[in-house]
>>> print(open('model24.tsv').read())   # TSV, C-alpha atoms
chain	number	residue	atom	x	y	z
A	1	MET	CA	13.17	-15.23	-18.46
A	2	THR	CA	16.94	-15.60	-18.66
A	3	VAL	CA	19.18	-17.41	-16.22
A	4	GLU	CA	20.82	-14.08	-15.53
A	5	ASN	CA	17.51	-12.53	-14.55
A	6	THR	CA	16.70	-15.42	-12.26
A	7	ARG	CA	20.07	-15.05	-10.57
A	8	LYS	CA	19.49	-11.35	-10.22
A	9	ILE	CA	16.20	-11.90	-8.40
A	10	GLN	CA	17.75	-14.55	-6.19
A	11	ALA	CA	20.55	-12.18	-5.30
A	12	ILE	CA	18.14	-9.39	-4.48
A	13	SER	CA	15.94	-11.62	-2.35
A	14	GLY	CA	18.94	-12.90	-0.44
A	15	GLU	CA	21.87	-11.22	1.19
A	16	ALA	CA	21.93	-8.21	-1.13
A	17	ALA	CA	18.47	-7.17	-0.02
A	18	GLU	CA	19.27	-7.45	3.67
A	19	GLN	CA	21.13	-4.17	3.75
A	20	GLN	CA	18.23	-2.38	2.04
A	21	GLN	CA	15.62	-4.03	4.24
A	22	VAL	CA	16.63	-2.06	7.31
A	23	ARG	CA	15.95	1.20	5.52
A	24	SER	CA	12.58	2.82	6.04
A	25	ASP	CA	10.13	3.25	3.19
A	26	ALA	CA	10.72	7.00	3.28
A	27	ASP	CA	14.47	6.44	2.91
A	28	LEU	CA	13.95	4.07	0.00
A	29	ILE	CA	11.59	6.47	-1.78
A	30	ALA	CA	14.09	9.28	-1.30
A	31	ALA	CA	16.84	7.07	-2.72
A	32	CYS	CA	14.63	6.12	-5.69
A	33	ARG	CA	14.08	9.79	-6.38
A	34	ALA	CA	17.85	10.14	-6.53
A	35	GLY	CA	17.98	7.35	-9.11
A	36	ASP	CA	19.07	4.49	-6.82
A	37	THR	CA	18.11	1.26	-8.57
A	38	ASP	CA	18.90	-0.85	-5.49
A	39	ALA	CA	16.37	1.12	-3.46
A	40	TRP	CA	13.67	0.45	-6.04
A	41	GLU	CA	14.49	-3.24	-6.00
A	42	ALA	CA	14.34	-3.30	-2.20
A	43	LEU	CA	10.90	-1.67	-2.27
A	44	VAL	CA	9.61	-4.16	-4.83
A	45	MET	CA	11.01	-7.08	-2.84
A	46	ARG	CA	9.59	-5.74	0.41
A	47	TYR	CA	6.04	-5.42	-0.89
A	48	ARG	CA	5.94	-8.06	-3.61
A	49	ARG	CA	3.73	-10.45	-1.65
A	50	LEU	CA	1.31	-7.78	-0.48
A	51	ILE	CA	0.79	-6.24	-3.91
A	52	TYR	CA	0.44	-9.57	-5.68
A	53	SER	CA	-1.91	-11.00	-3.04
A	54	ILE	CA	-4.47	-8.19	-3.03
A	55	PRO	CA	-5.82	-8.91	-6.55
A	56	LEU	CA	-5.74	-12.63	-5.84
A	57	GLN	CA	-7.72	-12.14	-2.63
A	58	MET	CA	-10.25	-10.19	-4.67
A	59	GLY	CA	-10.80	-13.13	-6.97
A	60	LEU	CA	-8.74	-12.02	-9.95
A	61	SER	CA	-6.94	-14.60	-12.05
A	62	ILE	CA	-3.20	-15.13	-11.93
A	63	ASP	CA	-2.79	-13.22	-15.20
A	64	GLU	CA	-4.94	-10.34	-13.97
A	65	ALA	CA	-3.04	-10.26	-10.68
A	66	ALA	CA	0.20	-10.05	-12.65
A	67	ASP	CA	-1.19	-7.06	-14.59
A	68	VAL	CA	-2.29	-5.32	-11.39
A	69	PHE	CA	1.14	-6.00	-9.87
A	70	GLN	CA	2.96	-4.42	-12.82
A	71	LEU	CA	0.62	-1.47	-13.05
A	72	THR	CA	0.84	-0.73	-9.33
A	73	TRP	CA	4.62	-0.47	-9.53
A	74	LEU	CA	4.37	1.57	-12.70
A	75	ARG	CA	2.04	3.98	-10.88
A	76	LEU	CA	4.48	4.26	-8.01
A	77	HIS	CA	7.26	5.01	-10.47
A	78	GLN	CA	5.16	7.74	-12.07
A	79	ARG	CA	4.36	9.17	-8.63
A	80	LEU	CA	7.83	8.95	-7.09
A	81	ALA	CA	8.53	12.64	-7.34
A	82	THR	CA	5.13	13.78	-6.10
A	83	LEU	CA	4.27	11.19	-3.46
A	84	ARG	CA	3.22	13.35	-0.53
A	85	ASP	CA	3.93	11.03	2.37
A	86	PRO	CA	6.63	8.49	1.48
A	87	SER	CA	6.47	6.97	4.97
A	88	ARG	CA	3.01	5.67	4.04
A	89	ALA	CA	4.23	3.93	0.89
A	90	ARG	CA	2.86	0.57	2.07
A	91	SER	CA	-0.68	1.90	2.43
A	92	TRP	CA	-0.39	3.81	-0.83
A	93	LEU	CA	0.70	0.68	-2.68
A	94	ALA	CA	-2.02	-1.47	-1.08
A	95	SER	CA	-4.71	1.09	-1.83
A	96	THR	CA	-3.55	1.53	-5.42
A	97	ALA	CA	-3.47	-2.25	-6.00
A	98	HIS	CA	-6.96	-2.48	-4.51
A	99	ARG	CA	-8.34	0.21	-6.78
A	100	LEU	CA	-6.68	-1.23	-9.87
A	101	SER	CA	-8.17	-4.62	-9.00
A	102	LEU	CA	-11.61	-3.01	-8.77
A	103	ASP	CA	-11.02	-1.54	-12.22
A	104	VAL	CA	-10.31	-5.03	-13.56
A	105	HIS	CA	-13.53	-6.29	-12.00
A	106	ALA	CA	-15.43	-3.40	-13.55
A	107	ALA	CA	-13.92	-4.05	-16.97
A	108	ARG	CA	-15.11	-7.65	-16.83
A	109	ARG	CA	-18.75	-6.59	-16.60
A	110	PRO	CA	-20.79	-6.38	-19.81
A	111	ALA	CA	-20.99	-2.89	-21.27
A	112	HIS	CA	-24.77	-2.64	-20.71
A	113	GLU	CA	-24.21	-2.84	-16.97
A	114	GLU	CA	-22.12	0.31	-17.06
A	115	SER	CA	-24.27	3.28	-16.20
A	116	ALA	CA	-22.95	6.82	-15.99
A	117	ILE	CA	-19.21	7.13	-15.89
A	118	SER	CA	-18.10	6.71	-12.34
A	119	LEU	CA	-15.15	5.84	-10.24
A	120	THR	CA	-15.20	2.08	-9.90
A	121	LEU	CA	-14.01	2.30	-6.30
A	122	VAL	CA	-17.50	2.52	-4.89
A	123	LYS	CA	-19.38	0.72	-7.65
A	124	ASP	CA	-17.74	-2.65	-7.63
A	125	PRO	CA	-19.66	-5.41	-5.90
A	126	ARG	CA	-16.54	-7.17	-4.69
A	127	PRO	CA	-14.33	-4.69	-2.90
A	128	LEU	CA	-11.95	-6.12	-0.35
A	129	PRO	CA	-13.16	-4.95	3.07
A	130	GLU	CA	-10.93	-2.43	4.77
A	131	ASP	CA	-10.13	-4.81	7.64
A	132	GLU	CA	-9.02	-7.46	5.12
A	133	ILE	CA	-6.57	-5.02	3.59
A	134	LEU	CA	-5.32	-4.04	7.03
A	135	LEU	CA	-4.83	-7.72	7.89
A	136	LEU	CA	-2.83	-8.23	4.68
A	137	GLU	CA	-0.75	-5.18	5.56
A	138	GLU	CA	-0.11	-6.57	9.06
A	139	GLN	CA	0.88	-9.93	7.60
A	140	GLN	CA	3.20	-8.08	5.26
A	141	ARG	CA	4.67	-6.10	8.18
A	142	ILE	CA	5.54	-9.29	10.05
A	143	ARG	CA	7.00	-10.86	6.89
A	144	ALA	CA	9.09	-7.75	6.28
A	145	ALA	CA	10.36	-7.74	9.88
A	146	ILE	CA	11.32	-11.41	9.66
A	147	ASP	CA	13.12	-10.68	6.37
A	148	GLN	CA	15.24	-8.15	8.23
A	149	LEU	CA	16.49	-10.67	10.79
A	150	PRO	CA	19.80	-12.50	10.48
A	151	ARG	CA	19.60	-15.68	8.43
A	152	ARG	CA	19.38	-18.11	11.35
A	153	CYS	CA	16.57	-16.16	13.04
A	154	ARG	CA	14.78	-15.76	9.76
A	155	GLU	CA	14.86	-19.46	9.04
A	156	MET	CA	13.80	-20.36	12.57
A	157	LEU	CA	10.81	-18.01	12.65
A	158	VAL	CA	9.69	-19.07	9.18
A	159	LEU	CA	9.64	-22.65	10.45
A	160	LEU	CA	7.78	-21.74	13.64
A	161	PHE	CA	5.27	-19.34	12.08
A	162	TYR	CA	4.64	-20.51	8.56
A	163	ASP	CA	5.41	-24.22	8.34
A	164	PRO	CA	2.02	-25.95	8.42
A	165	ASN	CA	3.66	-29.14	9.69
A	166	GLN	CA	4.79	-27.39	12.90
A	167	PRO	CA	8.19	-29.13	12.95
A	168	SER	CA	9.64	-30.69	16.09
A	169	TYR	CA	12.69	-29.36	17.96
A	170	ALA	CA	14.79	-32.04	16.34
A	171	THR	CA	13.63	-31.07	12.86
A	172	VAL	CA	14.22	-27.38	13.49
A	173	ALA	CA	17.69	-28.12	14.90
A	174	GLN	CA	18.53	-30.26	11.89
A	175	GLN	CA	17.32	-27.71	9.38
A	176	LEU	CA	19.21	-24.88	11.07
A	177	GLY	CA	22.30	-26.97	11.69
A	178	ILE	CA	22.43	-26.28	15.43
A	179	PRO	CA	22.25	-28.56	18.51
A	180	VAL	CA	18.78	-29.14	19.96
A	181	GLY	CA	19.96	-27.56	23.20
A	182	SER	CA	20.72	-24.27	21.40
A	183	ILE	CA	17.22	-23.82	20.07
A	184	GLY	CA	15.83	-22.17	23.20
A	185	PRO	CA	18.46	-19.41	23.53
A	186	VAL	CA	18.50	-18.75	19.76
A	187	ARG	CA	14.73	-18.59	19.67
A	188	GLN	CA	14.67	-16.22	22.64
A	189	ARG	CA	17.03	-13.84	20.83
A	190	CYS	CA	15.01	-14.10	17.62
A	191	PHE	CA	11.71	-13.26	19.32
A	192	SER	CA	13.28	-10.29	21.07
A	193	ARG	CA	14.71	-8.98	17.82
A	194	LEU	CA	11.43	-9.47	16.02
A	195	ARG	CA	9.57	-7.58	18.70
A	196	THR	CA	12.05	-4.73	18.55
A	197	LEU	CA	11.64	-4.49	14.76
A	198	LEU	CA	7.85	-4.58	14.91
A	199	ALA	CA	7.81	-1.91	17.58
A	200	ARG	CA	9.47	0.59	15.26
B	1	MET	CA	7.06	-20.22	40.47
B	2	ASP	CA	8.18	-16.99	42.03
B	3	GLY	CA	5.37	-14.51	41.36
B	4	GLU	CA	7.85	-11.64	40.95
B	5	ARG	CA	10.13	-13.25	38.38
B	6	HIS	CA	9.14	-12.54	34.78
B	7	VAL	CA	8.46	-15.37	32.37
B	8	PRO	CA	11.04	-15.52	29.55
B	9	VAL	CA	9.52	-14.40	26.24
B	10	ASP	CA	10.58	-17.72	24.77
B	11	ASP	CA	8.45	-19.64	27.26
B	12	LEU	CA	5.45	-17.44	26.52
B	13	ALA	CA	6.02	-18.00	22.83
B	14	ILE	CA	6.37	-21.73	23.13
B	15	TRP	CA	3.28	-21.84	25.31
B	16	SER	CA	1.41	-20.05	22.51
B	17	LEU	CA	2.83	-22.54	20.04
B	18	GLY	CA	1.61	-25.39	22.24
B	19	GLY	CA	5.03	-26.76	23.11
B	20	LEU	CA	5.33	-26.54	26.92
B	21	PRO	CA	4.78	-29.35	29.43
B	22	ALA	CA	1.69	-29.10	31.65
B	23	TYR	CA	3.57	-28.22	34.85
B	24	ARG	CA	5.29	-25.30	33.13
B	25	ARG	CA	2.03	-24.04	31.65
B	26	GLN	CA	0.55	-24.10	35.13
B	27	GLU	CA	3.48	-22.08	36.49
B	28	ILE	CA	3.13	-19.46	33.77
B	29	ALA	CA	-0.65	-19.27	34.19
B	30	SER	CA	-0.17	-18.70	37.92
B	31	HIS	CA	2.31	-15.93	37.24
B	32	LEU	CA	0.05	-14.23	34.71
B	33	ALA	CA	-2.80	-14.48	37.21
B	34	THR	CA	-0.80	-12.24	39.55
B	35	GLY	CA	-1.40	-9.44	37.01
B	36	CYS	CA	2.22	-9.00	35.89
B	37	ASP	CA	1.84	-6.26	33.26
B	38	GLN	CA	5.10	-6.99	31.48
B	39	CYS	CA	4.45	-10.70	31.03
B	40	LEU	CA	0.83	-10.13	30.07
B	41	SER	CA	1.95	-7.59	27.50
B	42	ASP	CA	4.56	-10.04	26.11
B	43	PHE	CA	1.99	-12.79	26.02
B	44	VAL	CA	-0.66	-10.71	24.24
B	45	TRP	CA	1.90	-9.44	21.74
B	46	PHE	CA	3.07	-12.93	20.90
B	47	GLN	CA	-0.45	-14.34	20.64
B	48	LYS	CA	-1.44	-11.55	18.27
B	49	THR	CA	1.71	-11.84	16.16
B	50	LEU	CA	1.36	-15.60	15.91
B	51	GLN	CA	-2.31	-15.34	14.98
B	52	ILE	CA	-1.58	-12.86	12.19
B	53	ALA	CA	1.38	-14.87	10.91
B	54	ARG	CA	-0.56	-18.15	10.98
B	55	SER	CA	-3.38	-16.58	8.98
B	56	ASP	CA	-0.89	-15.33	6.37
B	57	ARG	CA	-2.28	-15.81	2.86
B	58	LEU	CA	0.30	-13.68	1.10
B	59	GLN	CA	1.64	-15.15	-2.11
B	60	ALA	CA	4.84	-14.17	-3.86
B	61	PRO	CA	4.54	-13.33	-7.56
B	62	PRO	CA	6.17	-15.69	-10.07
B	63	PRO	CA	9.78	-14.70	-10.92
B	64	ALA	CA	8.85	-13.40	-14.38
B	65	VAL	CA	6.20	-11.09	-12.92
B	66	LEU	CA	8.55	-9.92	-10.21
B	67	HIS	CA	11.29	-9.25	-12.72
B	68	GLY	CA	8.92	-7.08	-14.75
B	69	ALA	CA	8.40	-4.80	-11.75
B	70	LEU	CA	12.11	-4.71	-10.97
B	71	ARG	CA	12.80	-3.68	-14.56
B	72	ILE	CA	10.42	-0.72	-14.51
B	73	PHE	CA	12.90	1.52	-12.76
B	74	ARG	CA	15.75	0.84	-15.18
B	75	GLU	CA	13.64	1.02	-18.30
B	76	GLN	CA	11.83	4.20	-17.38
B	77	ARG	CA	14.65	6.00	-15.67
B	78	GLN	CA	15.21	9.46	-17.04
B	79	PRO	CA	18.59	10.64	-18.29
B	80	ALA	CA	20.77	12.31	-15.69
B	81	GLY	CA	19.55	15.75	-14.72
B	82	GLU	CA	15.89	15.06	-15.44
B	83	THR	CA	13.35	14.30	-12.76
B	84	LEU	CA	11.36	11.10	-12.45
B	85	ALA	CA	8.14	13.04	-12.58
B	86	GLY	CA	8.12	13.44	-16.35
B	87	PRO	CA	7.13	16.78	-17.83
B	88	PRO	CA	6.57	19.70	-15.47
B	89	ARG	CA	3.02	19.98	-14.24
B	90	LEU	CA	0.75	22.84	-15.09
B	91	VAL	CA	-1.58	23.87	-12.33
B	92	GLY	CA	-5.02	25.04	-13.36
B	93	ARG	CA	-5.71	28.69	-12.54
B	94	VAL	CA	-8.98	29.30	-10.71
B	95	LEU	CA	-11.21	31.59	-12.81
B	96	PHE	CA	-14.30	31.26	-10.62
B	97	ASP	CA	-14.89	29.89	-7.14
B	98	SER	CA	-18.44	29.78	-5.79
B	99	ARG	CA	-17.15	30.25	-2.26
B	100	ASN	CA	-15.84	33.69	-3.19
B	101	ALA	CA	-19.00	34.45	-5.15
B	102	SER	CA	-21.09	33.48	-2.13
B	103	ARG	CA	-19.27	35.90	0.08
B	104	LEU	CA	-19.56	38.72	-2.40
B	105	ALA	CA	-23.21	38.13	-3.16
B	106	GLY	CA	-24.23	37.07	0.30
B	107	ALA	CA	-25.72	33.89	-1.13
B	108	ARG	CA	-24.59	30.38	-1.96
B	109	GLY	CA	-23.01	30.18	-5.41
B	110	ALA	CA	-23.57	26.61	-6.55
B	111	ALA	CA	-27.23	25.80	-6.20
B	112	GLN	CA	-27.29	22.08	-5.55
B	113	TRP	CA	-23.56	21.51	-5.19
B	114	GLY	CA	-21.42	22.30	-2.18
B	115	ARG	CA	-18.89	24.20	-4.25
B	116	GLN	CA	-18.16	24.99	-7.88
B	117	VAL	CA	-14.79	25.94	-9.32
B	118	LEU	CA	-13.82	26.85	-12.88
B	119	TYR	CA	-10.16	26.35	-13.76
B	120	ALA	CA	-8.35	27.75	-16.78
B	121	VAL	CA	-5.35	26.09	-18.40
B	122	GLU	CA	-4.23	28.81	-20.77
B	123	PRO	CA	-1.40	27.21	-22.72
B	124	LEU	CA	-3.75	24.40	-23.70
B	125	ASN	CA	-6.79	26.57	-24.34
B	126	LEU	CA	-8.83	24.58	-21.82
B	127	GLN	CA	-11.29	25.29	-19.05
B	128	ILE	CA	-12.34	22.73	-16.49
B	129	ASP	CA	-15.59	23.09	-14.58
B	130	LEU	CA	-15.73	21.14	-11.30
B	131	ARG	CA	-18.55	20.76	-8.81
B	132	VAL	CA	-17.96	19.16	-5.42
B	133	GLU	CA	-20.45	17.84	-2.89
B	134	ARG	CA	-19.81	15.99	0.34
B	135	ASP	CA	-21.85	12.98	1.38
B	136	GLY	CA	-20.77	11.84	4.83
B	137	PRO	CA	-17.26	10.41	4.46
B	138	CYS	CA	-17.53	10.43	0.64
B	139	MET	CA	-17.04	13.23	-1.85
B	140	HIS	CA	-19.01	13.44	-5.11
B	141	LEU	CA	-17.47	15.18	-8.11
B	142	ALA	CA	-18.97	16.23	-11.40
B	143	GLY	CA	-16.94	18.07	-13.97
B	144	GLN	CA	-16.40	18.85	-17.61
B	145	ILE	CA	-13.32	19.63	-19.66
B	146	LEU	CA	-14.11	22.39	-22.15
B	147	HIS	CA	-12.24	24.10	-24.93
B	148	ALA	CA	-12.10	27.77	-24.09
B	149	THR	CA	-12.24	28.78	-27.74
B	150	ALA	CA	-12.33	27.08	-31.15
B	151	PRO	CA	-10.61	25.23	-32.70
B	152	ALA	CA	-11.25	22.19	-30.55
B	153	GLU	CA	-7.66	21.20	-29.92
B	154	PRO	CA	-6.16	19.32	-28.18
B	155	ALA	CA	-8.30	16.21	-27.97
B	156	ILE	CA	-9.99	15.40	-24.66
B	157	PRO	CA	-8.31	12.40	-22.98
B	158	GLU	CA	-10.27	9.27	-22.09
B	159	ARG	CA	-9.39	9.21	-18.41
B	160	ILE	CA	-8.55	11.55	-15.58
B	161	ALA	CA	-6.43	10.49	-12.60
B	162	VAL	CA	-7.34	11.16	-8.99
B	163	GLU	CA	-4.31	11.38	-6.71
B	164	SER	CA	-5.07	10.83	-3.05
B	165	LEU	CA	-3.01	10.31	0.08
B	166	GLY	CA	-4.19	6.71	0.21
B	167	GLY	CA	-3.50	5.85	-3.44
B	168	ASP	CA	-4.38	6.73	-7.01
B	169	SER	CA	-7.40	5.91	-9.10
B	170	GLU	CA	-8.76	6.82	-12.51
B	171	VAL	CA	-12.08	8.04	-13.82
B	172	SER	CA	-13.37	7.76	-17.37
B	173	ILE	CA	-14.21	10.89	-19.35
B	174	LEU	CA	-17.10	10.96	-21.82
B	175	ALA	CA	-16.62	12.22	-25.36
B	176	THR	CA	-18.36	15.41	-24.25
B	177	GLY	CA	-15.60	15.97	-21.69
B	178	GLU	CA	-17.91	15.18	-18.76
B	179	PHE	CA	-16.87	13.02	-15.84
B	180	THR	CA	-18.27	12.06	-12.46
B	181	ALA	CA	-16.67	10.31	-9.52
B	182	THR	CA	-17.33	9.39	-5.96
B	183	LEU	CA	-14.27	9.38	-3.72
B	184	ALA	CA	-14.15	7.35	-0.54
B	185	ASP	CA	-12.95	10.20	1.66
B	186	ASN	CA	-12.89	13.97	1.83
B	187	GLY	CA	-9.33	14.32	0.70
B	188	PRO	CA	-7.14	16.09	0.02
B	189	HIS	CA	-7.34	14.93	-3.60
B	190	THR	CA	-5.86	16.24	-6.83
B	191	LEU	CA	-7.24	15.65	-10.30
B	192	VAL	CA	-4.57	15.13	-12.93
B	193	VAL	CA	-5.35	15.40	-16.63
B	194	ARG	CA	-2.70	14.16	-19.04
B	195	ILE	CA	-3.21	15.96	-22.31
B	196	ALA	CA	-1.01	17.04	-25.20
B	197	ASN	CA	2.10	15.70	-23.44
B	198	GLN	CA	1.39	17.84	-20.40
B	199	GLU	CA	0.16	17.03	-16.93
B	200	ILE	CA	-2.40	19.44	-15.52
B	201	ALA	CA	-2.99	19.30	-11.77
B	202	LEU	CA	-6.27	20.54	-10.32
B	203	PRO	CA	-6.35	20.50	-6.50
B	204	ILE	CA	-9.90	19.67	-5.46
B	205	PRO	CA	-11.19	22.30	-3.03
B	206	GLU	CA	-11.66	20.81	0.42
B	207	GLY	CA	-14.11	23.24	1.99
B	208	LEU	CA	-17.70	23.80	0.93
B	209	ASP	CA	-19.47	27.12	0.61
B	210	ASP	CA	-21.50	26.62	3.74
B	211	ASP	CA	-18.57	25.49	5.91
B	212	PRO	CA	-18.19	27.65	9.01
B	213	ALA	CA	-14.51	28.03	8.14
B	214	ALA	CA	-15.45	29.73	4.88
B	215	ALA	CA	-17.11	32.59	6.65
B	216	ALA	CA	-14.00	33.20	8.71
B	217	HIS	CA	-11.87	33.96	5.62
>>> encode(input="model24.tsv", output="structure tokens")
Amino acid sequence: MTVENTRKIQAISGEAAEQQQVRSDADLIAACRAGDTDAWEALVMRYRRLIYSIPLQMGLSIDEAADVFQLTWLRLHQRLATLRDPSRARSWLASTAHRLSLDVHAARRPAHEESAISLTLVKDPRPLPEDEILLLEEQQRIRAAIDQLPRRCREMLVLLFYDPNQPSYATVAQQLGIPVGSIGPVRQRCFSRLRTLLAR
Amino acid sequence: MDGERHVPVDDLAIWSLGGLPAYRRQEIASHLATGCDQCLSDFVWFQKTLQIARSDRLQAPPPAVLHGALRIFREQRQPAGETLAGPPRLVGRVLFDSRNASRLAGARGAAQWGRQVLYAVEPLNLQIDLRVERDGPCMHLAGQILHATAPAEPAIPERIAVESLGGDSEVSILATGEFTATLADNGPHTLVVRIANQEIALPIPEGLDDDPAAAAH
């Protein structure tokens, strides 16, 4: 991977993606159909964790998860023009990644275990339960909402929600570069914004 | 604490995060005990959000993997004026539908299957026989791709795609052209065969011959 590519990804995952993040999935799909490369990149960035995590949660290796990740996005690209409900892109992507992961599981089994040709969806012994997929989707939804917040809110909520060390006020203030006394009001605004985004 | 004054969301959040002094927790608990709908709703929302976030096991792909997905759009983008869908789709023409046959004959057309449909794809000299049966929330399919006349061209593909609202999947096709599948829901679904540089779409019929709705048509 070139330095230029790395920079490109960093740019997309940072400020450049913020403007795209506020767009709905349906808007991004429509823009992709019109040939908008930025919209495609925003979609990939929005759902990168979800799509990569599904095969991993199903016990696939890192290499297999990478294959499922690529193939899922390739499928979406092939289906861009005919996707019937673009507002459900998240569920479509999750379901497609799940099914592709089941295919990988099925391909691992010895040939003599394969009976009549069948859709692997219902044959595989290790499907991810529906509620597990829904939980991953909910986790993704919260991540995506936090990604849409201004930088200071984003950093604060990442510290509060995802830092396993549960940092102190002083640590949070230091990391955000704000006085300890400002944490309460900033946090209040951040929670309100997050709730507004998640209510959409 | 005044029972009518709402608790700031931040206090509810910090309580959930375990960061409030005991006296303040007691005040909030007393307020919630009054049955304040707004504060209870805020509290439940934050507890749920925090629980989901704290259980987050999502992992980001390595940069090289991510870059591969970002590149797909650029590398596969069609020249200006062309669609992203690739070649235009042919839609199989229905030659026979057991639902219609049932109505005409006054009997069910497909003996052990809920419905049988025969599609023709004329430009490719193909016929596709499809039988559909429902099993609770699932749908069983059995079909065969046939050459309408000799010579046997084009070659039968190895897989057939199933496009569904919830995502896509693929089914293998035997050398004889036969395929079977069980779908997790009753659709709508579309079978898509990619053959001889063409995409052929076959909408799977949703109703069965003995559906009450069938009699109404």
>>> interface_residues(input="model24.tsv", of="chain B", to="chain A", cutoff="7 Å", atoms="only C-alpha atoms", output="MDAnalysis selection string")
chainID B and resid 9:10 50 52:54 56 58:61 64:65 68:70 72:73 84:85 165:172 179:182
>>> closest_residue(input="model24.tsv", among="B:Ile195, B:Val91, B:Ile204, B:Val121", to="B:Ser164", atoms="all atoms listed in the file")
B:Ile204
>>> residues_around(input="model24.tsv", residues="B:Leu141", least_positions_apart="4", cutoff="12 Å", atoms="only C-alpha atoms", output="JSON, numbers by chain")
{"A": [117, 118, 119], "B": [113, 114, 115, 116, 117, 129, 130, 131, 132, 133, 134, 135, 162, 171, 178, 179, 180, 181, 182, 183, 184, 185, 186, 189, 190, 191, 204, 205, 206]}
>>> atom_distance(input="model24.tsv", atom1="atom CA of B:Leu17", atom2="atom CA of B:Asp37")
21.0 Å
>>> atom_distance(input="model24.tsv", atom1="atom CA of B:Ala201", atom2="atom CA of A:Ala106")
25.9 Å
>>> atom_distance(input="model24.tsv", atom1="atom CA of B:Ile160", atom2="atom CA of A:Ala31")
28.8 Å
>>> residues_around(input="model24.tsv", residues="A:Ala173", least_positions_apart="6", cutoff="12 Å", atoms="only C-alpha atoms", output="NGL selection string")
:A and (152 or 155-156 or 159-160 or 167 or 179-184 or 186-187)
>>> closest_residue(input="model24.tsv", among="B:Val7, B:Met139, B:Ala13, B:Pro157", to="B:Ile28", atoms="all atoms listed in the file")
B:Val7
>>> closest_residue(input="model24.tsv", among="B:Trp15, B:His140, B:Ile200, B:Pro188", to="B:Gln127", atoms="all atoms listed in the file")
B:Ile200
>>> residues_around(input="model24.tsv", residues="B:Thr176", least_positions_apart="4", cutoff="9 Å", atoms="all atoms listed in the file", output="count of residues only")
4
